[in-house]
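Asker: Got my_file_16.cif for you, mmCIF, N, CA and C atoms:
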data_coords
loop_
_atom_site.group_PDB
_atom_site.id
_atom_site.type_symbol
_atom_site.label_atom_id
_atom_site.label_comp_id
_atom_site.auth_asym_id
_atom_site.auth_seq_id
_atom_site.Cartn_x
_atom_site.Cartn_y
_atom_site.Cartn_z
ATOM 1 N N MET I 107 -19.911 8.491 10.853
ATOM 2 C CA MET I 107 -21.265 8.889 11.175
ATOM 3 C C MET I 107 -21.304 9.668 12.479
ATOM 4 N N ALA I 108 -20.546 9.241 13.472
ATOM 5 C CA ALA I 108 -20.542 9.943 14.757
ATOM 6 C C ALA I 108 -20.013 11.364 14.588
ATOM 7 N N LEU I 109 -19.034 11.531 13.713
ATOM 8 C CA LEU I 109 -18.483 12.860 13.469
ATOM 9 C C LEU I 109 -19.555 13.779 12.896
ATOM 10 N N THR I 110 -20.360 13.256 11.978
ATOM 11 C CA THR I 110 -21.421 14.061 11.385
ATOM 12 C C THR I 110 -22.441 14.468 12.438
ATOM 13 N N ARG I 111 -22.797 13.550 13.327
ATOM 14 C CA ARG I 111 -23.761 13.870 14.374
ATOM 15 C C ARG I 111 -23.214 14.898 15.340
ATOM 16 N N ARG I 112 -21.943 14.759 15.697
ATOM 17 C CA ARG I 112 -21.334 15.677 16.646
ATOM 18 C C ARG I 112 -21.178 17.078 16.061
ATOM 19 N N MET I 113 -20.712 17.150 14.830
ATOM 20 C CA MET I 113 -20.434 18.442 14.221
ATOM 21 C C MET I 113 -21.692 19.085 13.653
ATOM 22 N N GLY I 114 -22.660 18.300 13.300
ATOM 23 C CA GLY I 114 -23.855 18.830 12.660
ATOM 24 C C GLY I 114 -23.648 18.908 11.161
ATOM 25 N N PHE I 115 -24.733 18.831 10.434
ATOM 26 C CA PHE I 115 -24.630 18.814 8.982
ATOM 27 C C PHE I 115 -24.090 20.124 8.427
ATOM 28 N N THR I 116 -24.415 21.227 9.037
ATOM 29 C CA THR I 116 -23.949 22.505 8.498
ATOM 30 C C THR I 116 -22.437 22.638 8.612
ATOM 31 N N GLU I 117 -21.865 22.180 9.704
ATOM 32 C CA GLU I 117 -20.408 22.244 9.869
ATOM 33 C C GLU I 117 -19.723 21.315 8.867
ATOM 34 N N THR I 118 -20.258 20.122 8.685
ATOM 35 C CA THR I 118 -19.695 19.178 7.719
ATOM 36 C C THR I 118 -19.794 19.745 6.310
ATOM 37 N N ASP I 119 -20.938 20.321 5.987
ATOM 38 C CA ASP I 119 -21.108 20.922 4.663
ATOM 39 C C ASP I 119 -20.138 22.075 4.449
ATOM 40 N N ARG I 120 -19.888 22.846 5.491
ATOM 41 C CA ARG I 120 -18.961 23.972 5.367
ATOM 42 C C ARG I 120 -17.541 23.464 5.110
ATOM 43 N N ILE I 121 -17.132 22.416 5.795
ATOM 44 C CA ILE I 121 -15.797 21.845 5.596
ATOM 45 C C ILE I 121 -15.665 21.316 4.169
ATOM 46 N N GLU I 122 -16.678 20.590 3.700
ATOM 47 C CA GLU I 122 -16.650 20.070 2.336
ATOM 48 C C GLU I 122 -16.626 21.207 1.317
ATOM 49 N N SER I 123 -17.332 22.276 1.610
ATOM 50 C CA SER I 123 -17.343 23.431 0.719
ATOM 51 C C SER I 123 -15.971 24.086 0.637
ATOM 52 N N VAL I 124 -15.297 24.205 1.773
ATOM 53 C CA VAL I 124 -13.940 24.775 1.790
ATOM 54 C C VAL I 124 -12.991 23.891 0.990
ATOM 55 N N LEU I 125 -13.073 22.565 1.195
ATOM 56 C CA LEU I 125 -12.228 21.644 0.430
ATOM 57 C C LEU I 125 -12.492 21.784 -1.067
ATOM 58 N N ARG I 126 -13.760 21.882 -1.432
ATOM 59 C CA ARG I 126 -14.125 22.026 -2.844
ATOM 60 C C ARG I 126 -13.588 23.334 -3.420
ATOM 61 N N ASP I 127 -13.703 24.423 -2.660
ATOM 62 C CA ASP I 127 -13.208 25.721 -3.130
ATOM 63 C C ASP I 127 -11.699 25.715 -3.330
ATOM 64 N N ILE I 128 -10.977 25.126 -2.381
ATOM 65 C CA ILE I 128 -9.514 25.049 -2.496
ATOM 66 C C ILE I 128 -9.131 24.215 -3.712
ATOM 67 N N ASP I 129 -9.818 23.080 -3.886
ATOM 68 C CA ASP I 129 -9.509 22.202 -5.013
ATOM 69 C C ASP I 129 -9.804 22.894 -6.342
ATOM 70 N N GLU I 130 -10.930 23.590 -6.425
ATOM 71 C CA GLU I 130 -11.280 24.279 -7.668
ATOM 72 C C GLU I 130 -10.317 25.407 -7.994
ATOM 73 N N SER I 131 -9.903 26.171 -6.978
ATOM 74 C CA SER I 131 -8.959 27.261 -7.249
ATOM 75 C C SER I 131 -7.602 26.716 -7.669
ATOM 76 N N THR I 132 -7.178 25.608 -7.076
ATOM 77 C CA THR I 132 -5.916 24.979 -7.493
ATOM 78 C C THR I 132 -6.032 24.450 -8.914
ATOM 79 N N MET I 133 -7.186 23.864 -9.236
ATOM 80 C CA MET I 133 -7.379 23.331 -10.580
ATOM 81 C C MET I 133 -7.389 24.452 -11.621
ATOM 82 N N ASN I 134 -7.941 25.605 -11.268
ATOM 83 C CA ASN I 134 -7.947 26.745 -12.205
ATOM 84 C C ASN I 134 -6.540 27.247 -12.470
ATOM 85 N N VAL I 135 -5.669 27.211 -11.459
ATOM 86 C CA VAL I 135 -4.308 27.719 -11.609
ATOM 87 C C VAL I 135 -3.395 26.701 -12.283
ATOM 88 N N THR I 136 -3.459 25.439 -11.820
ATOM 89 C CA THR I 136 -2.509 24.429 -12.283
ATOM 90 C C THR I 136 -3.058 23.470 -13.320
ATOM 91 N N GLY I 137 -4.386 23.362 -13.404
ATOM 92 C CA GLY I 137 -4.987 22.390 -14.307
ATOM 93 C C GLY I 137 -5.084 21.007 -13.710
ATOM 94 N N THR I 138 -4.632 20.853 -12.476
ATOM 95 C CA THR I 138 -4.650 19.569 -11.786
ATOM 96 C C THR I 138 -5.244 19.759 -10.399
ATOM 97 N N SER I 139 -5.961 18.755 -9.951
ATOM 98 C CA SER I 139 -6.563 18.810 -8.628
ATOM 99 C C SER I 139 -5.487 18.870 -7.542
ATOM 100 N N LEU I 140 -5.725 19.667 -6.526
ATOM 101 C CA LEU I 140 -4.808 19.755 -5.388
ATOM 102 C C LEU I 140 -4.594 18.382 -4.768
ATOM 103 N N PHE I 141 -5.648 17.606 -4.667
ATOM 104 C CA PHE I 141 -5.550 16.297 -4.024
ATOM 105 C C PHE I 141 -4.717 15.329 -4.855
ATOM 106 N N HIS I 142 -4.766 15.458 -6.176
ATOM 107 C CA HIS I 142 -3.916 14.618 -7.021
ATOM 108 C C HIS I 142 -2.450 15.031 -6.892
ATOM 109 N N VAL I 143 -2.200 16.321 -6.808
ATOM 110 C CA VAL I 143 -0.827 16.801 -6.600
ATOM 111 C C VAL I 143 -0.290 16.286 -5.269
ATOM 112 N N LEU I 144 -1.093 16.401 -4.225
ATOM 113 C CA LEU I 144 -0.667 15.916 -2.904
ATOM 114 C C LEU I 144 -0.437 14.410 -2.907
ATOM 115 N N THR I 145 -1.270 13.673 -3.637
ATOM 116 C CA THR I 145 -1.111 12.220 -3.725
ATOM 117 C C THR I 145 0.217 11.855 -4.374
ATOM 118 N N VAL I 146 0.496 12.451 -5.527
ATOM 119 C CA VAL I 146 1.743 12.151 -6.240
ATOM 120 C C VAL I 146 2.955 12.596 -5.414
ATOM 121 N N ALA I 147 2.859 13.751 -4.784
ATOM 122 C CA ALA I 147 3.970 14.249 -3.968
ATOM 123 C C ALA I 147 4.243 13.329 -2.784
ATOM 124 N N SER I 148 3.199 12.842 -2.135
ATOM 125 C CA SER I 148 3.429 11.971 -0.977
ATOM 126 C C SER I 148 4.010 10.628 -1.404
ATOM 127 N N ILE I 149 3.624 10.138 -2.573
ATOM 128 C CA ILE I 149 4.221 8.899 -3.084
ATOM 129 C C ILE I 149 5.704 9.122 -3.369
ATOM 130 N N ALA I 150 6.035 10.255 -3.997
ATOM 131 C CA ALA I 150 7.438 10.563 -4.304
ATOM 132 C C ALA I 150 8.261 10.714 -3.019
ATOM 133 N N VAL I 151 7.703 11.398 -2.032
ATOM 134 C CA VAL I 151 8.415 11.569 -0.759
ATOM 135 C C VAL I 151 8.602 10.221 -0.077
ATOM 136 N N SER I 152 7.593 9.379 -0.131
ATOM 137 C CA SER I 152 7.689 8.049 0.472
ATOM 138 C C SER I 152 8.802 7.221 -0.183
ATOM 139 N N ILE I 153 8.872 7.269 -1.499
ATOM 140 C CA ILE I 153 9.933 6.543 -2.216
ATOM 141 C C ILE I 153 11.303 7.099 -1.839
ATOM 142 N N GLY I 154 11.407 8.426 -1.766
ATOM 143 C CA GLY I 154 12.669 9.047 -1.378
ATOM 144 C C GLY I 154 13.096 8.662 0.030
ATOM 145 N N LEU I 155 12.159 8.661 0.951
ATOM 146 C CA LEU I 155 12.478 8.249 2.328
ATOM 147 C C LEU I 155 12.911 6.791 2.381
ATOM 148 N N PHE I 156 12.213 5.941 1.640
ATOM 149 C CA PHE I 156 12.566 4.525 1.631
ATOM 150 C C PHE I 156 13.959 4.319 1.059
ATOM 151 N N ALA I 157 14.270 5.037 -0.033
ATOM 152 C CA ALA I 157 15.579 4.915 -0.671
ATOM 153 C C ALA I 157 16.702 5.418 0.232
ATOM 154 N N SER I 158 16.377 6.377 1.112
ATOM 155 C CA SER I 158 17.405 6.901 2.014
ATOM 156 C C SER I 158 17.513 6.101 3.309
ATOM 157 N N GLY I 159 16.775 4.996 3.390
ATOM 158 C CA GLY I 159 16.886 4.119 4.549
ATOM 159 C C GLY I 159 15.933 4.437 5.687
ATOM 160 N N LYS I 160 15.071 5.386 5.516
ATOM 161 C CA LYS I 160 14.106 5.758 6.560
ATOM 162 C C LYS I 160 12.794 5.022 6.293
ATOM 163 N N LYS I 161 12.811 3.721 6.548
ATOM 164 C CA LYS I 161 11.688 2.871 6.163
ATOM 165 C C LYS I 161 10.418 3.149 6.955
ATOM 166 N N MET I 162 10.520 3.401 8.239
ATOM 167 C CA MET I 162 9.321 3.674 9.042
ATOM 168 C C MET I 162 8.659 4.987 8.603
ATOM 169 N N GLU I 163 9.470 6.003 8.349
ATOM 170 C CA GLU I 163 8.928 7.274 7.874
ATOM 171 C C GLU I 163 8.292 7.112 6.492
ATOM 172 N N ALA I 164 8.926 6.289 5.648
ATOM 173 C CA ALA I 164 8.401 6.035 4.310
ATOM 174 C C ALA I 164 7.038 5.354 4.386
ATOM 175 N N LEU I 165 6.896 4.406 5.291
ATOM 176 C CA LEU I 165 5.607 3.744 5.459
ATOM 177 C C LEU I 165 4.542 4.717 5.954
ATOM 178 N N PHE I 166 4.922 5.585 6.881
ATOM 179 C CA PHE I 166 3.982 6.573 7.407
ATOM 180 C C PHE I 166 3.498 7.506 6.300
ATOM 181 N N VAL I 167 4.422 8.068 5.556
ATOM 182 C CA VAL I 167 4.056 8.984 4.468
ATOM 183 C C VAL I 167 3.339 8.221 3.356
ATOM 184 N N GLY I 168 3.677 6.967 3.173
ATOM 185 C CA GLY I 168 3.047 6.148 2.144
ATOM 186 C C GLY I 168 1.570 5.892 2.394
ATOM 187 N N LEU I 169 1.107 6.128 3.599
ATOM 188 C CA LEU I 169 -0.312 5.958 3.910
ATOM 189 C C LEU I 169 -1.146 7.182 3.534
ATOM 190 N N TRP I 170 -0.507 8.299 3.269
ATOM 191 C CA TRP I 170 -1.213 9.544 2.999
ATOM 192 C C TRP I 170 -2.014 9.559 1.693
ATOM 193 N N PRO I 171 -1.561 8.941 0.594
ATOM 194 C CA PRO I 171 -2.315 9.061 -0.660
ATOM 195 C C PRO I 171 -3.784 8.659 -0.545
ATOM 196 N N ALA I 172 -4.063 7.620 0.198
ATOM 197 C CA ALA I 172 -5.461 7.197 0.350
ATOM 198 C C ALA I 172 -6.287 8.281 1.045
ATOM 199 N N THR I 173 -5.687 8.958 2.017
ATOM 200 C CA THR I 173 -6.382 10.039 2.709
ATOM 201 C C THR I 173 -6.665 11.191 1.756
ATOM 202 N N PHE I 174 -5.692 11.555 0.941
ATOM 203 C CA PHE I 174 -5.899 12.647 -0.013
ATOM 204 C C PHE I 174 -6.990 12.298 -1.018
ATOM 205 N N GLN I 175 -7.036 11.050 -1.458
ATOM 206 C CA GLN I 175 -8.067 10.650 -2.407
ATOM 207 C C GLN I 175 -9.443 10.602 -1.740
ATOM 208 N N ALA I 176 -9.489 10.232 -0.466
ATOM 209 C CA ALA I 176 -10.759 10.263 0.271
ATOM 210 C C ALA I 176 -11.246 11.703 0.425
ATOM 211 N N LEU I 177 -10.333 12.629 0.682
ATOM 212 C CA LEU I 177 -10.711 14.033 0.769
ATOM 213 C C LEU I 177 -11.226 14.543 -0.579
ATOM 214 N N LYS I 178 -10.604 14.113 -1.649
ATOM 215 C CA LYS I 178 -11.063 14.487 -2.991
ATOM 216 C C LYS I 178 -12.485 13.986 -3.204
ATOM 217 N N SER I 179 -12.723 12.744 -2.831
ATOM 218 C CA SER I 179 -14.050 12.156 -2.973
ATOM 219 C C SER I 179 -15.079 12.900 -2.131
ATOM 220 N N ALA I 180 -14.705 13.264 -0.916
ATOM 221 C CA ALA I 180 -15.621 13.980 -0.034
ATOM 222 C C ALA I 180 -15.919 15.373 -0.570
ATOM 223 N N SER I 181 -14.948 16.004 -1.181
ATOM 224 C CA SER I 181 -15.163 17.348 -1.705
ATOM 225 C C SER I 181 -16.071 17.345 -2.936
ATOM 226 N N GLN I 182 -16.171 16.203 -3.611
ATOM 227 C CA GLN I 182 -17.005 16.103 -4.813
ATOM 228 C C GLN I 182 -18.364 15.487 -4.520
ATOM 229 N N ARG I 183 -18.652 15.242 -3.271
ATOM 230 C CA ARG I 183 -19.871 14.526 -2.888
ATOM 231 C C ARG I 183 -21.142 15.219 -3.346
ATOM 232 N N HIS I 184 -21.175 16.513 -3.371
ATOM 233 C CA HIS I 184 -22.408 17.235 -3.725
ATOM 234 C C HIS I 184 -22.389 17.654 -5.162
#
If you took the structure in this file and wrote it as structure tokens, what would it be?

Answerer:
Amino acid sequence: MALTRRMGFTETDRIESVLRDIDESTMNVTGTSLFHVLTVASIAVSIGLFASGKKMEALFVGLWPATFQALKSASQRH
């Protein structure tokens, strides 16, 4: 909420619009949402890092899917 107040509604709407445009153009080209691609890719990278013994890095990257899905949700808000 504080971010919305600081940035103003027009700035927030513009950011959401850019996210929506990027997602739609990716979906037109690939048939899959950009955010879903990023989610699956970050899970795969996290598994690869964990398998190679880089557990802290794997945990860090493993936190990204939720962020990508939140961005997807925010881009579809309107």

Asker: Any chance you could list, as an NGL selection string, the residues in chain I that come up helix (DSSP H, G or I) when DSSP is run on the backbone?

Answerer: :I and (108-113 or 115-136 or 140-157 or 161-168 or 170-181)

Asker: Atom CA of I:Leu169 to atom CA of I:Ala157: how many Å, to one decimal?

Answerer: 16.6 Å

Asker: Which protein, DNA or RNA residues are at most 12 Å from (8.5, 8.1, -2.7) in the file's coordinates when you count only C-alpha atoms, listed as a list in words?

Answerer: Thr145, Val146, Ala147, Ser148, Ile149, Ala150, Val151, Ser152, Ile153, Gly154, Leu155, Phe156, Ala157, Ser158, Gly159, Lys160, Lys161, Glu163, Ala164, Leu165, Phe166, Val167, Gly168, Leu169, Trp170 and Pro171 of chain I

Asker: When you draw a straight line from atom CA of I:Glu117 to atom CA of I:Leu140, how long is it in Å?

Answerer: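 So the answer is 22.0 Å.
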
Asker: Please indicate the distance in Å from atom N of I:Phe141 to atom CA of I:Thr173, rounded to one decimal place.

Answerer: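 About the pair atom N of I:Phe141 and atom CA of I:Thr173: they are 10.6 Å apart.
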
Asker: Can you translate the PyMOL selection byres ((chain I and resi 175-177) around 8) into the concrete residues it hits in this file, as a list of chain:residue names?

Answerer: I:Leu125, I:Arg126, I:Phe141, I:His142, I:Leu144, I:Thr145, I:Trp170, I:Pro171, I:Ala172, I:Thr173, I:Phe174, I:Lys178, I:Ser179, I:Ala180, I:Ser181, I:Gln182, I:Arg183
